>>> print(open('entry-v9.cif').read())   # mmCIF, C-alpha atoms and all ligand atoms
data_input
#
loop_
_atom_site.label_atom_id
_atom_site.label_comp_id
_atom_site.auth_asym_id
_atom_site.auth_seq_id
_atom_site.Cartn_x
_atom_site.Cartn_y
_atom_site.Cartn_z
CA SER A 1 -15.72 -38.20 19.44
CA GLY A 2 -12.63 -37.68 17.25
CA GLN A 3 -13.96 -34.26 16.46
CA LYS A 4 -14.49 -33.53 20.15
CA ASN A 5 -10.89 -34.48 20.91
CA ALA A 6 -9.65 -32.26 18.12
CA ALA A 7 -11.68 -29.36 19.46
CA ALA A 8 -10.33 -29.95 22.96
CA ALA A 9 -6.79 -29.98 21.60
CA CYS A 10 -7.51 -26.71 19.87
CA VAL A 11 -8.49 -25.07 23.10
CA THR A 12 -5.31 -26.29 24.76
CA MET A 13 -3.27 -25.00 21.85
CA ALA A 14 -4.93 -21.63 22.07
CA THR A 15 -3.68 -21.15 25.59
CA HIS A 16 -0.13 -21.69 24.38
CA ARG A 17 1.74 -18.65 23.21
CA LEU A 18 2.86 -18.31 19.62
CA GLY A 19 6.45 -17.93 18.56
CA SER A 20 9.77 -19.23 19.72
CA ARG A 21 8.75 -19.76 23.31
CA ALA A 22 5.83 -21.89 22.15
CA LEU A 23 7.62 -24.22 19.82
CA SER A 24 6.93 -27.22 22.01
CA ARG A 25 3.83 -29.02 20.78
CA VAL A 26 1.05 -30.07 23.09
CA PRO A 27 1.40 -33.86 23.49
CA GLY A 28 -1.17 -35.64 21.40
CA ALA A 29 -2.48 -32.42 19.89
CA ARG A 30 -4.44 -32.76 16.70
CA PHE A 31 -5.49 -30.21 14.19
CA LEU A 32 -8.92 -29.66 12.74
CA SER A 33 -9.05 -30.51 9.07
CA GLN A 34 -10.32 -27.88 6.69
CA ALA A 35 -13.60 -29.75 6.25
CA GLN A 36 -14.20 -29.60 9.99
CA CYS A 37 -13.87 -25.82 10.04
CA LYS A 38 -16.94 -23.75 9.27
CA ALA A 39 -15.14 -21.13 7.22
CA ARG A 40 -11.65 -20.66 5.96
CA LEU A 41 -9.51 -18.37 8.08
CA VAL A 42 -6.19 -16.78 7.20
CA LEU A 43 -3.58 -15.16 9.43
CA GLY A 44 -1.86 -12.39 7.46
CA ILE A 45 1.54 -10.93 8.34
CA GLU A 46 3.06 -7.74 6.88
CA THR A 47 6.60 -6.42 7.46
CA SER A 48 7.69 -5.18 4.03
CA CYS A 49 8.40 -1.58 5.02
CA ASP A 50 7.89 0.24 8.32
CA ASP A 51 4.69 -1.31 9.66
CA THR A 52 4.52 -4.57 11.56
CA GLY A 53 0.98 -5.79 10.93
CA ALA A 54 -1.01 -8.97 11.54
CA ALA A 55 -4.66 -9.94 11.22
CA VAL A 56 -7.02 -12.89 11.11
CA VAL A 57 -9.67 -12.57 8.38
CA ASP A 58 -12.39 -14.99 7.33
CA GLU A 59 -13.73 -15.85 3.91
CA THR A 60 -16.50 -13.25 4.07
CA GLY A 61 -13.97 -10.46 4.69
CA LYS A 62 -14.74 -10.24 8.39
CA ILE A 63 -11.77 -9.04 10.44
CA LEU A 64 -11.67 -11.31 13.47
CA GLY A 65 -8.52 -9.88 15.03
CA GLU A 66 -5.86 -7.38 14.09
CA ALA A 67 -2.81 -5.57 15.42
CA LEU A 68 -0.41 -3.03 13.99
CA HIS A 69 2.82 -1.47 15.17
CA SER A 70 3.85 1.55 13.14
CA GLN A 71 7.46 2.77 13.08
CA LYS A 72 6.51 6.02 11.35
CA GLY A 73 7.06 8.26 14.40
CA ILE A 74 10.61 6.95 14.83
CA HIS A 75 11.46 7.33 11.12
CA LEU A 76 10.00 10.86 11.13
CA GLU A 77 12.59 11.79 13.76
CA THR A 78 15.54 10.33 11.83
CA GLY A 79 14.31 11.93 8.60
CA GLY A 80 13.63 8.68 6.76
CA ILE A 81 13.70 4.90 7.08
CA ILE A 82 17.03 3.38 8.09
CA PRO A 83 16.70 -0.31 7.06
CA THR A 84 18.68 -1.68 10.02
CA VAL A 85 16.51 0.31 12.43
CA ALA A 86 13.34 -0.88 10.66
CA GLN A 87 14.55 -4.48 10.94
CA ARG A 88 15.32 -4.16 14.64
CA LEU A 89 11.86 -2.69 15.31
CA HIS A 90 10.14 -5.46 13.32
CA LYS A 91 12.08 -8.06 15.31
CA GLU A 92 11.10 -6.39 18.58
CA HIS A 93 7.39 -6.23 17.74
CA ILE A 94 6.45 -9.09 15.45
CA GLU A 95 5.71 -11.68 18.10
CA LYS A 96 3.58 -9.29 20.15
CA VAL A 97 1.68 -8.06 17.09
CA VAL A 98 0.89 -11.56 15.79
CA GLN A 99 -0.04 -12.74 19.27
CA GLU A 100 -2.39 -9.79 19.73
CA ALA A 101 -4.11 -10.33 16.36
CA VAL A 102 -4.60 -14.04 17.08
CA ASP A 103 -5.74 -13.44 20.67
CA ASN A 104 -8.25 -10.80 19.59
CA SER A 105 -9.66 -13.13 16.97
CA GLY A 106 -10.47 -15.77 19.57
CA ILE A 107 -9.35 -18.35 17.00
CA PRO A 108 -7.01 -21.08 18.22
CA PRO A 109 -4.03 -21.16 15.83
CA CYS A 110 -4.84 -24.75 14.93
CA GLU A 111 -8.10 -23.58 13.35
CA LEU A 112 -6.34 -21.34 10.88
CA THR A 113 -6.55 -22.54 7.30
CA ALA A 114 -3.26 -20.94 6.25
CA ILE A 115 -0.71 -18.25 7.03
CA ALA A 116 -0.14 -15.54 4.41
CA THR A 117 2.89 -13.26 4.52
CA THR A 118 4.32 -10.48 2.36
CA ILE A 119 7.47 -11.83 0.69
CA LYS A 120 7.85 -9.12 -2.03
CA PRO A 121 8.60 -6.32 -2.87
CA GLY A 122 10.03 -4.30 0.02
CA LEU A 123 13.09 -3.70 2.17
CA ALA A 124 15.15 -6.90 2.29
CA LEU A 125 15.87 -6.63 6.02
CA SER A 126 12.18 -6.00 6.80
CA LEU A 127 10.79 -8.75 4.56
CA GLN A 128 13.25 -11.19 6.13
CA VAL A 129 11.78 -10.72 9.61
CA GLY A 130 8.20 -11.46 8.49
CA LEU A 131 9.19 -14.45 6.39
CA GLU A 132 11.41 -16.07 9.03
CA TYR A 133 8.81 -15.61 11.74
CA SER A 134 6.05 -17.00 9.48
CA LEU A 135 8.11 -20.07 8.56
CA LYS A 136 8.52 -20.76 12.25
CA LEU A 137 4.75 -20.59 12.81
CA ILE A 138 4.12 -22.80 9.77
CA GLU A 139 6.48 -25.42 11.14
CA GLN A 140 4.91 -25.16 14.57
CA TYR A 141 1.27 -25.39 13.50
CA LYS A 142 1.74 -27.41 10.29
CA LYS A 143 -0.16 -24.92 8.16
CA PRO A 144 0.10 -24.17 4.46
CA PHE A 145 1.87 -20.96 3.51
CA ILE A 146 0.59 -18.32 1.09
CA PRO A 147 3.31 -15.95 -0.18
CA ILE A 148 1.97 -12.45 -0.87
CA HIS A 149 2.97 -9.70 -3.29
CA HIS A 150 2.53 -6.44 -1.35
CA MET A 151 1.18 -4.45 -4.33
CA GLU A 152 -1.30 -7.15 -5.25
CA ALA A 153 -2.58 -7.03 -1.68
CA HIS A 154 -3.07 -3.24 -1.89
CA ALA A 155 -4.95 -3.67 -5.17
CA LEU A 156 -7.33 -6.35 -3.86
CA THR A 157 -8.10 -4.86 -0.41
CA VAL A 158 -11.15 -2.99 -1.68
CA ARG A 159 -12.87 -6.31 -2.51
CA MET A 160 -13.06 -7.16 1.18
CA LEU A 161 -15.92 -4.70 1.62
CA ASP A 162 -16.98 -3.70 -1.87
CA MET A 163 -16.86 -6.62 -4.34
CA VAL A 164 -15.48 -4.75 -7.36
CA GLU A 165 -15.42 -7.41 -10.08
CA PHE A 166 -12.39 -8.19 -12.24
CA PRO A 167 -11.15 -6.67 -14.45
CA PHE A 168 -10.70 -3.17 -12.99
CA LEU A 169 -8.18 -0.35 -13.27
CA VAL A 170 -6.10 0.33 -10.15
CA LEU A 171 -3.94 3.28 -9.09
CA LEU A 172 -1.59 2.64 -6.14
CA ILE A 173 0.02 5.72 -4.59
CA SER A 174 2.01 5.76 -1.36
CA GLY A 175 5.39 6.57 0.11
CA GLY A 176 6.90 3.57 -1.64
CA HIS A 177 4.86 3.10 -4.79
CA SER A 178 3.20 4.76 -7.73
CA LEU A 179 1.65 2.56 -10.40
CA LEU A 180 -1.30 2.04 -12.70
CA ALA A 181 -2.39 -1.51 -13.53
CA ILE A 182 -5.32 -3.56 -14.71
CA ALA A 183 -6.33 -6.21 -12.20
CA ARG A 184 -7.63 -9.05 -14.40
CA GLY A 185 -7.81 -11.60 -11.61
CA VAL A 186 -6.16 -12.55 -8.33
CA SER A 187 -2.41 -12.52 -9.21
CA ASP A 188 -3.18 -11.54 -12.81
CA PHE A 189 -2.15 -7.96 -13.52
CA LEU A 190 -1.20 -5.86 -16.54
CA LEU A 191 1.16 -3.07 -15.53
CA LEU A 192 0.39 0.09 -17.53
CA GLY A 193 2.89 2.44 -15.90
CA GLN A 194 4.93 3.14 -12.80
CA THR A 195 7.21 5.77 -11.34
CA LEU A 196 10.51 6.39 -13.09
CA ASP A 197 12.08 7.74 -9.91
CA GLU A 198 10.29 8.25 -6.59
CA ALA A 199 6.75 7.78 -5.24
CA PRO A 200 4.41 10.74 -4.59
CA GLY A 201 4.28 10.18 -0.81
CA ASP A 202 8.08 10.14 -0.71
CA THR A 203 8.16 13.46 -2.60
CA LEU A 204 5.60 15.05 -0.27
CA ASP A 205 7.54 13.78 2.75
CA LYS A 206 10.80 15.25 1.40
CA VAL A 207 9.21 18.61 0.53
CA ALA A 208 7.63 18.75 3.98
CA ARG A 209 11.02 18.04 5.55
CA ARG A 210 12.71 20.73 3.42
CA LEU A 211 10.00 23.20 4.51
CA SER A 212 10.69 22.16 8.16
CA LEU A 213 6.99 21.49 8.71
CA LYS A 214 7.79 19.59 11.89
CA ASN A 215 8.46 23.07 13.33
CA HIS A 216 5.07 24.34 12.15
CA PRO A 217 2.47 24.39 14.96
CA ALA A 218 -0.41 23.47 12.61
CA CYS A 219 1.10 20.20 11.42
CA CYS A 220 4.12 19.21 13.53
CA THR A 221 2.83 15.70 14.30
CA MET A 222 1.60 14.85 10.82
CA SER A 223 3.19 12.80 8.04
CA GLY A 224 4.62 14.90 5.19
CA GLY A 225 1.62 14.27 2.93
CA GLU A 226 -0.91 15.15 5.62
CA ALA A 227 1.04 18.29 6.55
CA ILE A 228 1.08 19.47 2.92
CA GLU A 229 -2.68 18.81 2.63
CA CYS A 230 -3.36 20.72 5.83
CA LEU A 231 -1.32 23.82 4.86
CA ALA A 232 -2.52 23.75 1.23
CA LYS A 233 -6.04 24.55 2.43
CA MET A 234 -4.74 27.95 3.61
CA GLY A 235 -2.63 28.67 0.51
CA ASN A 236 -3.08 29.92 -3.04
CA ARG A 237 -1.51 27.58 -5.58
CA LEU A 238 -1.48 30.29 -8.28
CA HIS A 239 1.13 32.25 -6.29
CA VAL A 240 3.77 29.60 -7.05
CA SER A 241 4.39 28.39 -10.56
CA LEU A 242 5.36 24.73 -11.11
CA THR A 243 5.49 22.81 -14.38
CA GLN A 244 3.89 19.40 -14.89
CA PRO A 245 6.34 16.47 -14.82
CA ILE A 246 7.06 14.55 -18.08
CA SER A 247 4.09 16.14 -19.86
CA ARG A 248 5.59 15.27 -23.25
CA HIS A 249 5.78 11.53 -22.49
CA LEU A 250 2.49 10.16 -23.83
CA ASP A 251 2.48 7.17 -21.45
CA CYS A 252 1.25 6.19 -18.00
CA ASP A 253 4.57 6.45 -16.17
CA PHE A 254 5.06 8.88 -13.30
CA SER A 255 7.92 11.11 -12.23
CA PHE A 256 8.21 13.22 -9.10
CA SER A 257 11.90 13.89 -8.54
CA GLY A 258 11.97 16.77 -11.06
CA LEU A 259 9.06 18.38 -9.27
CA ARG A 260 10.93 18.08 -5.99
CA ASN A 261 13.96 19.81 -7.55
CA GLN A 262 11.75 22.62 -8.83
CA VAL A 263 10.26 23.09 -5.38
CA ASN A 264 13.70 23.06 -3.73
CA GLN A 265 14.87 25.83 -6.08
CA ILE A 266 11.81 27.90 -5.23
CA ILE A 267 12.35 27.37 -1.51
CA ILE A 268 16.02 28.47 -1.76
CA LYS A 269 14.97 31.61 -3.68
CA LYS A 270 12.20 32.48 -1.22
CA GLU A 271 14.48 31.91 1.78
CA ARG A 272 16.93 34.35 0.27
CA GLU A 273 14.16 36.89 -0.41
CA GLU A 274 12.74 36.58 3.09
CA GLY A 275 16.20 36.55 4.67
CA ILE A 276 15.64 33.32 6.58
CA GLN A 277 17.63 30.09 7.06
CA GLU A 278 16.66 26.47 6.37
CA GLY A 279 14.74 25.32 9.47
CA GLN A 280 12.66 28.49 9.74
CA ILE A 281 9.17 28.64 8.24
CA LEU A 282 8.64 30.66 5.06
CA SER A 283 5.74 33.14 5.07
CA CYS A 284 4.56 31.64 1.75
CA VAL A 285 4.72 28.03 3.01
CA CYS A 286 0.97 27.48 2.45
CA ASP A 287 1.17 28.68 -1.16
CA ILE A 288 4.06 26.28 -1.82
CA ALA A 289 2.09 23.42 -0.22
CA ALA A 290 -0.97 24.23 -2.36
CA ALA A 291 1.07 24.38 -5.57
CA VAL A 292 2.89 21.09 -4.85
CA GLN A 293 -0.32 19.30 -3.94
CA HIS A 294 -2.04 20.57 -7.07
CA THR A 295 0.85 19.53 -9.33
CA VAL A 296 0.96 16.03 -7.81
CA ALA A 297 -2.83 15.71 -8.15
CA ALA A 298 -2.81 16.95 -11.75
CA HIS A 299 0.02 14.56 -12.69
CA LEU A 300 -1.78 11.57 -11.11
CA ALA A 301 -5.05 12.63 -12.80
CA LYS A 302 -3.44 13.00 -16.21
CA ARG A 303 -1.75 9.58 -16.17
CA THR A 304 -4.93 7.94 -14.84
CA HIS A 305 -6.93 9.66 -17.57
CA ARG A 306 -4.54 8.25 -20.21
CA ALA A 307 -4.86 4.77 -18.67
CA ILE A 308 -8.65 5.06 -18.89
CA LEU A 309 -8.45 6.07 -22.55
CA PHE A 310 -6.03 3.20 -23.25
CA CYS A 311 -8.37 0.68 -21.59
CA LYS A 312 -11.30 2.03 -23.60
CA LYS A 313 -9.39 1.89 -26.87
CA GLU A 314 -8.16 -1.66 -26.27
CA GLY A 315 -11.45 -2.88 -24.78
CA LEU A 316 -9.67 -4.04 -21.62
CA LEU A 317 -12.42 -3.23 -19.12
CA PRO A 318 -16.09 -4.22 -18.83
CA HIS A 319 -18.61 -2.15 -20.68
CA PRO A 320 -20.74 -0.75 -19.07
CA ASN A 321 -19.57 -0.13 -15.49
CA PRO A 322 -15.78 0.12 -15.69
CA ALA A 323 -14.17 0.81 -12.31
CA LEU A 324 -11.11 2.60 -10.94
CA VAL A 325 -9.75 1.49 -7.56
CA VAL A 326 -7.33 3.79 -5.72
CA SER A 327 -5.27 2.83 -2.68
CA GLY A 328 -2.06 3.58 -0.74
CA GLY A 329 -1.36 6.25 1.89
CA VAL A 330 -1.56 9.14 -0.60
CA ALA A 331 -5.09 8.02 -1.57
CA SER A 332 -6.37 9.54 1.66
CA ASN A 333 -5.67 13.03 0.27
CA GLU A 334 -9.02 14.78 -0.35
CA TYR A 335 -7.66 17.09 -3.05
CA ILE A 336 -6.22 14.16 -5.01
CA ARG A 337 -9.49 12.27 -4.56
CA LYS A 338 -11.40 15.19 -6.08
CA ALA A 339 -9.03 15.36 -9.06
CA LEU A 340 -9.55 11.63 -9.68
CA GLN A 341 -13.30 12.01 -9.28
CA ILE A 342 -13.33 14.64 -12.04
CA VAL A 343 -11.47 12.22 -14.33
CA THR A 344 -13.68 9.21 -13.58
CA GLU A 345 -16.93 11.20 -13.86
CA ALA A 346 -15.89 12.56 -17.25
CA ASN A 347 -15.27 9.00 -18.46
CA GLY A 348 -18.17 7.05 -16.95
CA PHE A 349 -16.00 5.14 -14.47
CA SER A 350 -17.02 4.35 -10.90
CA LEU A 351 -14.41 5.23 -8.25
CA HIS A 352 -13.61 2.98 -5.28
CA TYR A 353 -11.36 3.36 -2.22
CA PRO A 354 -10.75 1.07 0.70
CA PRO A 355 -11.41 2.89 4.02
CA PRO A 356 -8.36 5.06 4.96
CA LYS A 357 -7.18 2.57 7.59
CA LEU A 358 -6.91 -0.12 4.91
CA CYS A 359 -5.23 2.18 2.35
CA THR A 360 -2.00 2.19 4.36
CA ASP A 361 0.10 -0.89 5.09
CA ASN A 362 -1.54 -3.40 7.44
CA GLY A 363 -1.90 -7.12 8.11
CA ILE A 364 -5.57 -7.20 7.11
CA MET A 365 -4.87 -6.71 3.41
CA ILE A 366 -2.33 -9.54 3.51
CA ALA A 367 -4.79 -11.91 5.19
CA TRP A 368 -7.47 -10.93 2.65
CA ASN A 369 -5.07 -11.57 -0.24
CA GLY A 370 -4.54 -15.00 1.35
CA ILE A 371 -8.30 -15.60 1.29
CA GLU A 372 -8.49 -14.50 -2.36
CA LYS A 373 -5.70 -16.94 -3.25
CA LEU A 374 -7.31 -19.78 -1.29
CA ARG A 375 -10.57 -19.20 -3.12
CA ALA A 376 -8.81 -19.05 -6.48
CA GLY A 377 -6.76 -22.13 -5.54
CA ILE A 378 -3.42 -20.51 -6.32
CA ASP A 379 -0.12 -20.23 -4.44
CA VAL A 380 -1.04 -22.36 -1.45
CA VAL A 381 2.33 -23.83 -0.56
CA HIS A 382 2.63 -26.98 1.52
CA LYS A 383 6.43 -27.25 1.42
CA PRO A 384 7.76 -23.71 1.92
CA GLU A 385 11.48 -24.66 1.96
CA GLY A 386 12.19 -22.95 -1.36
CA ILE A 387 10.41 -19.69 -0.52
CA ARG A 388 12.65 -16.60 -0.55
CA TYR A 389 11.85 -12.94 -0.06
CA GLU A 390 12.34 -10.68 -3.11
CA PRO A 391 13.06 -6.98 -2.47
CA LYS A 392 12.34 -6.14 -6.12
CA ALA A 393 9.34 -7.73 -7.77
CA PRO A 394 7.34 -6.34 -10.70
CA LEU A 395 3.55 -6.47 -10.56
CA GLY A 396 2.17 -8.62 -13.36
CA ILE A 397 2.89 -8.41 -17.06
CA ASN A 398 4.57 -5.18 -18.14
CA PHE A 399 2.30 -3.51 -20.69
CA SER A 400 3.89 -0.07 -20.58
CA GLU A 401 5.53 -0.43 -24.00
CA GLN A 402 2.10 -0.94 -25.58
CA VAL A 403 0.82 2.13 -23.71
CA LYS A 404 3.79 4.15 -24.97
CA LYS A 405 3.22 2.96 -28.54
CA ALA A 406 -0.43 4.00 -28.44
CA ALA A 407 0.82 7.53 -27.56
CA LEU A 408 -2.66 8.70 -26.60
CA LYS A 409 -3.25 12.43 -26.24
CA VAL A 410 -5.34 13.29 -23.21
CA PRO A 411 -7.94 16.05 -23.74
CA TYR A 412 -7.67 19.02 -21.39
CA LEU A 413 -9.81 18.59 -18.31
CA LYS A 414 -10.24 21.53 -15.98
CA LEU A 415 -9.44 20.48 -12.43
CA ASN A 416 -11.71 22.85 -10.58
CA ILE A 417 -11.09 21.76 -7.02
O1 LIG A 501 0.80 3.43 2.37
P1 LIG A 501 1.64 4.15 3.38
O2 LIG A 501 1.19 4.18 4.78
O3 LIG A 501 3.09 3.58 3.43
C1 LIG A 501 3.84 3.26 2.33
O4 LIG A 501 4.52 4.16 1.84
O5 LIG A 501 3.76 2.10 1.89
O6 LIG A 501 1.82 5.64 2.81
C2 LIG A 501 2.51 6.61 3.51
C3 LIG A 501 2.63 7.82 2.64
C4 LIG A 501 3.54 8.88 3.24
O7 LIG A 501 4.46 9.28 2.27
C5 LIG A 501 2.58 10.00 3.60
O8 LIG A 501 3.17 11.28 3.50
C6 LIG A 501 1.48 9.82 2.60
O9 LIG A 501 1.34 8.43 2.45
N1 LIG A 501 0.22 10.41 3.06
C7 LIG A 501 -0.43 11.39 2.41
C8 LIG A 501 -1.55 11.72 3.21
N2 LIG A 501 -1.56 10.91 4.30
C9 LIG A 501 -0.46 10.10 4.18
N3 LIG A 501 -0.13 12.02 1.27
C10 LIG A 501 -0.97 13.00 0.89
N4 LIG A 501 -2.05 13.39 1.59
C11 LIG A 501 -2.39 12.78 2.74
N5 LIG A 501 -3.46 13.16 3.43
ZN ZN A 502 2.27 -0.39 0.80
#
>>> encode(input="entry-v9.cif", output="structure tokens", more="lines below")
Ligand code: KG4
Ligand code: ZN
Amino acid sequence: SGQKNAAAACVTMATHRLGSRALSRVPGARFLSQAQCKARLVLGIETSCDDTGAAVVDETGKILGEALHSQKGIHLETGGIIPTVAQRLHKEHIEKVVQEAVDNSGIPPCELTAIATTIKPGLALSLQVGLEYSLKLIEQYKKPFIPIHHMEAHALTVRMLDMVEFPFLVLLISGGHSLLAIARGVSDFLLLGQTLDEAPGDTLDKVARRLSLKNHPACCTMSGGEAIECLAKMGNRLHVSLTQPISRHLDCDFSFSGLRNQVNQIIIKKEREEGIQEGQILSCVCDIAAAVQHTVAAHLAKRTHRAILFCKKEGLLPHPNPALVVSGGVASNEYIRKALQIVTEANGFSLHYPPPKLCTDNGIMIAWNGIEKLRAGIDVVHKPEGIRYEPKAPLGINFSEQVKKAALKVPYLKLNI
């Protein structure tokens, strides 16, 4: 009968709204213990950049409820993310987004096993909103807290649907990140290389903005990366000559800002030749898009190839069946996918991607990372008072010096795409 009462309390709780307006507890309410629940369930909350996301996921990787509010359209208009604007939008949407995810799941909040939230790395003002809101929920529902590293969540998402076993190689490419790492376990990473300046998605966004692609009828509503991919299909990359970034560094780091400068110089020259102003569309815009996309793809492929050779040399991955996982917004680019496929096929690696919707920032990946941590028995915090957000946070142990020392030459691989 105790169990019956608890279940009844749960139903009552479920009808109460989450958040500040719901801080009053139902008199006499009780919470189901973990043993009484059939499966473990995690509510995940993401606010590290420009997406407010929430989801409820169970131990089998089933998404019970989800909601996402993207600020991308607004930031596209202002020409980039303004942190104070991002924070205001997170504040405006977080309660609604979490409520929607929980409502859709049909799970009373008291049946949740834990709440997992991104606390690092990201924009300070954005992380703050997610953490403060989560701490309020934790206090309200007396749930354990699972702090999440955003990059770790990206790296593990694929295992929700496709149980790639540890250890595996992972390439994360988006508007905010560019890194290669070995995932040895949940929260156990070796960082092989990362960007020295900006991320590939950021570069593509900036090039697209400089080319005024929001005035181009074929791609005016797309993100920079998508717009470049769309126009590249109609262009000839050989008409524009670009040099590979940091080709003399025999490591797994990335660099994209030099490429962006090269492209800007070319754009200025072409504008002069065509007698047009910034804001108008160049006649050779598709060729520029094709050349930029190819150079980004070739750079990503080269560094990934070196990481593969390093892993082979050091015996860091299983033999047979080593795997490469790729994720992040830029991973949805078909041309880049083909370049990576050429590299993995030449080296006997299998290639894995989460579905496109899970490649970009969302609450589902955070909830799933929470499940992974629950299962591994790590980072489940019962007294979250000391938890702080961390705008800068490295992923795992930095192994890039060892990669540099190995100075591996990568054999030429023709990227026939
Ligand atoms: O992962 P994401 O949604 O947000 C973060 O940056 O964390 O990635 C967004 C980035 C943007 O820079 C966007 O231009 C890029 O991913 N992107 C693409 C494509 N679709 C989105 N880049 C290249 N090709 C695409 N098809
Ligand atoms: Zn991300």
>>> residues_near_ligand(input="entry-v9.cif", ligand="ligand LIG 501 (chain A)", cutoff="10 Å", atoms="only C-alpha atoms and all ligand atoms", output="MDAnalysis selection string")
chainID A and resid 48:51 70 72 122 150:151 154 172:178 199:208 222:230 293 296:297 327:337 356:362
>>> residues_around(input="entry-v9.cif", residues="A:Leu196", least_positions_apart="6", cutoff="10 Å", atoms="all atoms listed in the file", output="number ranges by chain")
A: 178, 253-257
>>> write_last_selection(input="entry-v9.cif", atoms="C-alpha atoms", output="CSV table (one decimal), in the coordinates of the input")
chain,number,residue,atom,x,y,z
A,178,SER,CA,3.2,4.8,-7.7
A,253,ASP,CA,4.6,6.4,-16.2
A,254,PHE,CA,5.1,8.9,-13.3
A,255,SER,CA,7.9,11.1,-12.2
A,256,PHE,CA,8.2,13.2,-9.1
A,257,SER,CA,11.9,13.9,-8.5
>>> residues_near_point(input="entry-v9.cif", point="(3.9, 30.2, 4.1)", cutoff="12 Å", atoms="all atoms listed in the file", output="count of residues only")
31
>>> residues_near_point(input="entry-v9.cif", point="(-5.7, 21.8, -9.1)", cutoff="7 Å", atoms="all atoms listed in the file", output="PDB file with C-alpha atoms, in the coordinates of the input")
ATOM      1  CA  HIS A 294      -2.040  20.570  -7.070  1.00  0.00           C
ATOM      2  CA  THR A 295       0.850  19.530  -9.330  1.00  0.00           C
ATOM      3  CA  ALA A 297      -2.830  15.710  -8.150  1.00  0.00           C
ATOM      4  CA  ALA A 298      -2.810  16.950 -11.750  1.00  0.00           C
ATOM      5  CA  LEU A 415      -9.440  20.480 -12.430  1.00  0.00           C
ATOM      6  CA  ASN A 416     -11.710  22.850 -10.580  1.00  0.00           C
ATOM      7  CA  ILE A 417     -11.090  21.760  -7.020  1.00  0.00           C
TER       8      ILE A 417
END
>>> closest_residue(input="entry-v9.cif", among="A:Arg88, A:His69, A:Arg260, A:Lys120", to="ligand ZN 502 (chain A)", atoms="only C-alpha atoms and all ligand atoms")
A:Lys120
>>> residues_around(input="entry-v9.cif", residues="stretch 306-309 of chain A", least_positions_apart="6", cutoff="12 Å", atoms="all atoms listed in the file", output="MDAnalysis selection string")
chainID A and resid 168:171 179:182 190:194 247 249:254 299:300 315:318 322:325 340 343:350 399:400 402:404 406:413
>>> atom_distance(input="entry-v9.cif", atom1="atom CA of A:Arg210", atom2="atom CA of A:Ile82")
18.5 Å
>>> closest_residue(input="entry-v9.cif", among="A:Ile342, A:Glu100, A:Pro121, A:Ala376", to="ligand ZN 502 (chain A)", atoms="all atoms listed in the file")
A:Pro121
>>> residues_around(input="entry-v9.cif", residues="A:Thr60", least_positions_apart="4", cutoff="10 Å", atoms="only C-alpha atoms", output="CSV table (one decimal) with C-alpha atoms, in the frame of the given file")
chain,number,residue,atom,x,y,z
A,39,ALA,CA,-15.1,-21.1,7.2
A,40,ARG,CA,-11.6,-20.7,6.0
A,41,LEU,CA,-9.5,-18.4,8.1
A,160,MET,CA,-13.1,-7.2,1.2
A,161,LEU,CA,-15.9,-4.7,1.6
A,368,TRP,CA,-7.5,-10.9,2.6
A,371,ILE,CA,-8.3,-15.6,1.3
>>> axis_aligned_box(input="entry-v9.cif", around="stretch 252-260 of chain A", padding_each_side="3 Å", output="lines of an AutoDock Vina configuration file")
center_x = 6.6
center_y = 12.3
center_z = -12.0
size_x = 16.7
size_y = 18.2
size_z = 18.0
>>> atom_distance(input="entry-v9.cif", atom1="atom CA of A:Val292", atom2="atom CA of A:Ile276")
21.0 Å
>>> closest_residue(input="entry-v9.cif", among="A:Val164, A:Ile266, A:Ala153, A:Ala339", to="ligand ZN 502 (chain A)", atoms="only C-alpha atoms and all ligand atoms")
A:Ala153
>>> closest_residue(input="entry-v9.cif", among="A:Ala155, A:Val263, A:Cys219, A:Val97", to="ligand ZN 502 (chain A)", atoms="only C-alpha atoms and all ligand atoms")
A:Ala155
